[in-house]
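Only one structure is covered here, and it is reproduced in the block below.
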Amino acid sequence: MSARRGLLSSRVRIHHVALRVADCAGSAAFYKSLLGLPEVRRREDGSAVWLQAGEIVLMLEHGLRGRGPESGSGHLLALEVEDLPAWERRLAEAGVAIVDRTPSSVYFQDPDGHRVGLTVHPRSA
């Protein structure tokens, strides 16, 4: 498929990168102290911490959405889009299976099995 054909929006950009970690608080302390990344959100149950890394968010989570049956990776690339239903139609037309979803995101795998998410979720908590 041509990059120009079926272009839905010129505003597709990295929304966040998620890493699966064993200890969210410990990993957050590492990134905050070593790299100076400020914390922007923390789930009350301790299962996730979000840190600001420039214009994107680094999400440290115990479990990640978008895990297909073959996906063992602890990484996720999430891209921000404007019209999620239009992107869902585009994925279906391209024969790309959605492996997971939330109300604001859909998840699929690239040809190498990397997990990719498309999201309309707001950046701030």
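Residue names in the structure tokens use chain letters A, B, ... in the order shown, residue numbers from 1 in each chain, and ligand numbers from 1 in the order shown.
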Query raised in the report: Any idea what's packed within 10 Å of Trp50 of chain A, counting only C-alpha atoms, ignoring anything in its chain fewer than 5 positions away? Could you give it as a ChimeraX atom specification?
Result: /A:16-18,24,28,37-43,57-61,124-125
File of the preceding selection, all heavy atoms, as a short mmCIF file (atom, residue, chain, number, x, y, z; two decimals), in the first residue's frame:
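Okay, this is what ended up in again_27.cif:
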```
data_model
loop_
_atom_site.label_atom_id
_atom_site.label_comp_id
_atom_site.auth_asym_id
_atom_site.auth_seq_id
_atom_site.Cartn_x
_atom_site.Cartn_y
_atom_site.Cartn_z
N HIS A 16 2.83 7.42 22.81
CA HIS A 16 3.61 6.94 23.95
C HIS A 16 4.35 5.66 23.59
O HIS A 16 4.04 5.01 22.60
CB HIS A 16 2.73 6.72 25.18
CG HIS A 16 1.73 5.60 25.06
ND1 HIS A 16 0.47 5.78 24.54
CD2 HIS A 16 1.82 4.29 25.40
CE1 HIS A 16 -0.18 4.63 24.57
NE2 HIS A 16 0.62 3.70 25.08
N VAL A 17 5.33 5.36 24.40
CA VAL A 17 6.05 4.10 24.33
C VAL A 17 5.82 3.43 25.68
O VAL A 17 5.96 4.06 26.73
CB VAL A 17 7.55 4.31 24.07
CG1 VAL A 17 8.31 2.99 24.16
CG2 VAL A 17 7.77 4.98 22.73
N ALA A 18 5.42 2.15 25.65
CA ALA A 18 5.15 1.43 26.89
C ALA A 18 6.16 0.32 27.08
O ALA A 18 6.49 -0.38 26.13
CB ALA A 18 3.72 0.87 26.86
N CYS A 24 6.88 -1.20 38.92
CA CYS A 24 6.59 0.12 38.34
C CYS A 24 7.23 1.25 39.13
O CYS A 24 7.85 2.14 38.56
CB CYS A 24 5.08 0.34 38.23
SG CYS A 24 4.28 -0.72 37.03
N ALA A 28 10.15 3.58 37.76
CA ALA A 28 9.89 5.02 37.68
C ALA A 28 10.98 5.80 38.41
O ALA A 28 11.46 6.82 37.91
CB ALA A 28 8.52 5.35 38.26
N LEU A 37 13.09 12.39 34.18
CA LEU A 37 11.75 12.41 33.58
C LEU A 37 10.70 12.64 34.67
O LEU A 37 10.61 11.87 35.62
CB LEU A 37 11.46 11.09 32.86
CG LEU A 37 12.42 10.69 31.75
CD1 LEU A 37 11.97 9.38 31.11
CD2 LEU A 37 12.55 11.78 30.71
N PRO A 38 9.89 13.68 34.54
CA PRO A 38 8.88 13.94 35.56
C PRO A 38 7.69 12.98 35.45
O PRO A 38 7.30 12.58 34.36
CB PRO A 38 8.44 15.38 35.27
CG PRO A 38 8.76 15.60 33.84
CD PRO A 38 9.94 14.72 33.52
N GLU A 39 7.15 12.62 36.59
CA GLU A 39 5.97 11.76 36.64
C GLU A 39 4.73 12.59 36.32
O GLU A 39 4.55 13.67 36.86
CB GLU A 39 5.84 11.14 38.04
CG GLU A 39 4.73 10.14 38.15
CD GLU A 39 4.73 9.43 39.49
OE1 GLU A 39 5.82 9.04 39.98
OE2 GLU A 39 3.63 9.27 40.05
N VAL A 40 3.86 12.03 35.46
CA VAL A 40 2.64 12.74 35.10
C VAL A 40 1.38 12.01 35.56
O VAL A 40 0.32 12.61 35.65
CB VAL A 40 2.55 13.04 33.59
CG1 VAL A 40 3.64 14.02 33.17
CG2 VAL A 40 2.63 11.77 32.75
N ARG A 41 1.53 10.70 35.85
CA ARG A 41 0.35 9.94 36.27
C ARG A 41 0.81 8.63 36.90
O ARG A 41 1.82 8.06 36.51
CB ARG A 41 -0.54 9.66 35.07
CG ARG A 41 -1.81 8.93 35.36
CD ARG A 41 -2.64 8.81 34.10
NE ARG A 41 -3.78 7.96 34.33
CZ ARG A 41 -4.57 7.51 33.39
NH1 ARG A 41 -4.35 7.84 32.14
NH2 ARG A 41 -5.58 6.74 33.68
N ARG A 42 0.02 8.17 37.87
CA ARG A 42 0.30 6.89 38.52
C ARG A 42 -1.04 6.23 38.84
O ARG A 42 -1.91 6.87 39.43
CB ARG A 42 1.10 7.11 39.80
CG ARG A 42 1.46 5.84 40.55
CD ARG A 42 2.23 6.17 41.82
NE ARG A 42 3.52 6.74 41.50
CZ ARG A 42 4.69 6.14 41.71
NH1 ARG A 42 4.73 4.95 42.28
NH2 ARG A 42 5.82 6.74 41.39
N ARG A 43 -1.21 4.98 38.45
CA ARG A 43 -2.44 4.27 38.81
C ARG A 43 -2.42 3.99 40.30
O ARG A 43 -1.39 3.64 40.87
CB ARG A 43 -2.55 2.96 38.04
CG ARG A 43 -2.89 3.17 36.59
CD ARG A 43 -3.35 1.88 35.94
NE ARG A 43 -3.55 2.12 34.53
CZ ARG A 43 -3.12 1.31 33.57
NH1 ARG A 43 -2.49 0.18 33.87
NH2 ARG A 43 -3.33 1.59 32.31
N VAL A 57 4.99 10.22 26.11
CA VAL A 57 4.90 9.66 27.45
C VAL A 57 5.58 8.30 27.44
O VAL A 57 5.41 7.51 26.51
CB VAL A 57 3.41 9.52 27.88
CG1 VAL A 57 3.28 8.73 29.17
CG2 VAL A 57 2.78 10.89 28.03
N LEU A 58 6.36 8.04 28.47
CA LEU A 58 6.93 6.72 28.69
C LEU A 58 6.04 6.06 29.75
O LEU A 58 5.93 6.54 30.87
CB LEU A 58 8.37 6.81 29.21
CG LEU A 58 9.00 5.50 29.65
CD1 LEU A 58 9.06 4.49 28.50
CD2 LEU A 58 10.38 5.74 30.23
N MET A 59 5.39 4.96 29.36
CA MET A 59 4.50 4.25 30.27
C MET A 59 5.22 3.01 30.79
O MET A 59 5.68 2.19 30.02
CB MET A 59 3.22 3.84 29.55
CG MET A 59 2.42 5.02 29.04
SD MET A 59 1.00 4.52 28.05
CE MET A 59 -0.04 3.79 29.29
N LEU A 60 5.31 2.90 32.10
CA LEU A 60 5.90 1.74 32.75
C LEU A 60 4.74 0.97 33.36
O LEU A 60 4.05 1.48 34.25
CB LEU A 60 6.89 2.19 33.83
CG LEU A 60 7.98 3.15 33.36
CD1 LEU A 60 8.75 3.70 34.54
CD2 LEU A 60 8.90 2.47 32.35
N GLU A 61 4.51 -0.26 32.89
CA GLU A 61 3.31 -1.00 33.29
C GLU A 61 3.63 -2.46 33.59
O GLU A 61 4.51 -3.05 32.96
CB GLU A 61 2.26 -0.95 32.18
CG GLU A 61 1.83 0.47 31.84
CD GLU A 61 0.74 0.49 30.79
OE1 GLU A 61 0.99 0.06 29.65
OE2 GLU A 61 -0.36 0.93 31.14
N SER A 124 -2.76 14.05 28.61
CA SER A 124 -2.68 14.41 30.03
C SER A 124 -3.74 13.65 30.81
O SER A 124 -4.76 13.26 30.29
CB SER A 124 -2.88 15.91 30.21
OG SER A 124 -4.11 16.30 29.67
N ALA A 125 -3.45 13.46 32.10
CA ALA A 125 -4.34 12.70 32.96
C ALA A 125 -5.59 13.47 33.28
O ALA A 125 -5.68 14.64 33.24
CB ALA A 125 -3.63 12.34 34.26
#
```
Determine, counting only C-alpha atoms, which protein, DNA and RNA residues have an atom within 12 Å of an atom of Val120 of chain A; residues of the same chain fewer than 4 positions away are not included. Present the result as an mmCIF file with N, CA, C and O atoms, in the first residue's frame.
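Final output, saved to around-v7.cif:
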```cif
data_model
loop_
_atom_site.group_PDB
_atom_site.id
_atom_site.type_symbol
_atom_site.label_atom_id
_atom_site.label_comp_id
_atom_site.auth_asym_id
_atom_site.auth_seq_id
_atom_site.Cartn_x
_atom_site.Cartn_y
_atom_site.Cartn_z
ATOM 1 N N ARG A 11 -1.657 14.091 10.682
ATOM 2 C CA ARG A 11 -1.286 14.214 12.080
ATOM 3 C C ARG A 11 -1.244 12.840 12.755
ATOM 4 O O ARG A 11 -2.064 12.518 13.596
ATOM 5 N N VAL A 12 -0.290 12.022 12.363
ATOM 6 C CA VAL A 12 -0.023 10.765 13.044
ATOM 7 C C VAL A 12 1.336 10.937 13.685
ATOM 8 O O VAL A 12 2.315 11.219 13.011
ATOM 9 N N ARG A 13 1.380 10.795 15.004
ATOM 10 C CA ARG A 13 2.648 10.994 15.700
ATOM 11 C C ARG A 13 2.723 10.038 16.882
ATOM 12 O O ARG A 13 1.718 9.480 17.308
ATOM 13 N N ILE A 14 3.931 9.866 17.392
ATOM 14 C CA ILE A 14 4.101 8.983 18.537
ATOM 15 C C ILE A 14 3.349 9.571 19.721
ATOM 16 O O ILE A 14 3.513 10.732 20.072
ATOM 17 N N HIS A 15 2.501 8.769 20.319
ATOM 18 C CA HIS A 15 1.745 9.159 21.500
ATOM 19 C C HIS A 15 2.485 8.720 22.757
ATOM 20 O O HIS A 15 2.745 9.497 23.654
ATOM 21 N N HIS A 16 2.834 7.423 22.812
ATOM 22 C CA HIS A 16 3.611 6.940 23.951
ATOM 23 C C HIS A 16 4.352 5.660 23.591
ATOM 24 O O HIS A 16 4.044 5.014 22.603
ATOM 25 N N ALA A 78 2.813 3.287 20.473
ATOM 26 C CA ALA A 78 1.457 3.813 20.335
ATOM 27 C C ALA A 78 1.501 5.107 19.535
ATOM 28 O O ALA A 78 2.254 6.020 19.863
ATOM 29 N N LEU A 79 0.696 5.154 18.490
ATOM 30 C CA LEU A 79 0.626 6.324 17.626
ATOM 31 C C LEU A 79 -0.698 7.037 17.844
ATOM 32 O O LEU A 79 -1.758 6.410 17.887
ATOM 33 N N GLU A 80 -0.625 8.343 17.961
ATOM 34 C CA GLU A 80 -1.823 9.159 18.146
ATOM 35 C C GLU A 80 -2.447 9.454 16.783
ATOM 36 O O GLU A 80 -1.750 9.858 15.854
ATOM 37 N N VAL A 81 -3.761 9.217 16.678
ATOM 38 C CA VAL A 81 -4.501 9.490 15.446
ATOM 39 C C VAL A 81 -5.736 10.312 15.799
ATOM 40 O O VAL A 81 -6.096 10.436 16.963
ATOM 41 N N GLU A 82 -6.376 10.865 14.778
ATOM 42 C CA GLU A 82 -7.543 11.715 15.033
ATOM 43 C C GLU A 82 -8.869 10.983 14.890
ATOM 44 O O GLU A 82 -9.834 11.320 15.552
ATOM 45 N N ASP A 83 -8.955 9.971 14.030
ATOM 46 C CA ASP A 83 -10.217 9.307 13.717
ATOM 47 C C ASP A 83 -10.040 7.800 13.827
ATOM 48 O O ASP A 83 -9.734 7.122 12.844
ATOM 49 N N LEU A 84 -10.226 7.265 15.026
ATOM 50 C CA LEU A 84 -9.973 5.849 15.265
ATOM 51 C C LEU A 84 -10.854 4.925 14.414
ATOM 52 O O LEU A 84 -10.345 3.962 13.846
ATOM 53 N N PRO A 85 -12.157 5.180 14.276
ATOM 54 C CA PRO A 85 -12.970 4.301 13.428
ATOM 55 C C PRO A 85 -12.471 4.247 11.977
ATOM 56 O O PRO A 85 -12.493 3.181 11.349
ATOM 57 N N ALA A 86 -12.001 5.356 11.448
ATOM 58 C CA ALA A 86 -11.470 5.356 10.082
ATOM 59 C C ALA A 86 -10.220 4.489 9.992
ATOM 60 O O ALA A 86 -10.019 3.754 9.014
ATOM 61 N N TRP A 87 -9.382 4.545 11.010
ATOM 62 C CA TRP A 87 -8.179 3.711 11.022
ATOM 63 C C TRP A 87 -8.538 2.246 11.193
ATOM 64 O O TRP A 87 -7.895 1.370 10.609
ATOM 65 N N ARG A 101 -8.282 -4.136 22.125
ATOM 66 C CA ARG A 101 -8.826 -2.779 22.010
ATOM 67 C C ARG A 101 -9.266 -2.273 23.368
ATOM 68 O O ARG A 101 -9.519 -3.043 24.279
ATOM 69 N N THR A 102 -9.332 -0.965 23.477
ATOM 70 C CA THR A 102 -9.951 -0.268 24.600
ATOM 71 C C THR A 102 -10.899 0.741 23.955
ATOM 72 O O THR A 102 -10.917 0.882 22.731
ATOM 73 N N PRO A 103 -11.660 1.486 24.730
ATOM 74 C CA PRO A 103 -12.525 2.491 24.110
ATOM 75 C C PRO A 103 -11.760 3.550 23.302
ATOM 76 O O PRO A 103 -12.307 4.131 22.370
ATOM 77 N N SER A 104 -10.476 3.780 23.637
ATOM 78 C CA SER A 104 -9.738 4.835 22.946
ATOM 79 C C SER A 104 -8.563 4.332 22.112
ATOM 80 O O SER A 104 -7.845 5.139 21.534
ATOM 81 N N SER A 105 -8.363 3.014 22.032
ATOM 82 C CA SER A 105 -7.194 2.483 21.318
ATOM 83 C C SER A 105 -7.496 1.141 20.667
ATOM 84 O O SER A 105 -8.340 0.390 21.150
ATOM 85 N N VAL A 106 -6.780 0.861 19.583
ATOM 86 C CA VAL A 106 -6.766 -0.473 18.987
ATOM 87 C C VAL A 106 -5.314 -0.913 18.867
ATOM 88 O O VAL A 106 -4.409 -0.080 18.731
ATOM 89 N N SER A 124 -2.760 14.050 28.613
ATOM 90 C CA SER A 124 -2.680 14.410 30.026
ATOM 91 C C SER A 124 -3.744 13.645 30.808
ATOM 92 O O SER A 124 -4.763 13.255 30.292
#
```
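Going from atom CA of His114 of chain A to atom CA of His75 of chain A covers 7.7 Å.
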Requested in this report: Apply DSSP to the backbone of this structure and, from segment 9-108 of chain A, keep only the residues in strand (DSSP E or B); write these as an NGL selection string.
Outcome: :A and (13-20 or 39-42 or 48-53 or 56-61 or 75-80 or 100-102 or 105-108)
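For the atom pair formed by atom CA of Val99 of chain A and atom CA of Leu76 of chain A, the distance is 13.0 Å, given to one decimal.
Note that atom CA of Glu88 of chain A and atom CA of Asp100 of chain A are 11.8 Å apart.
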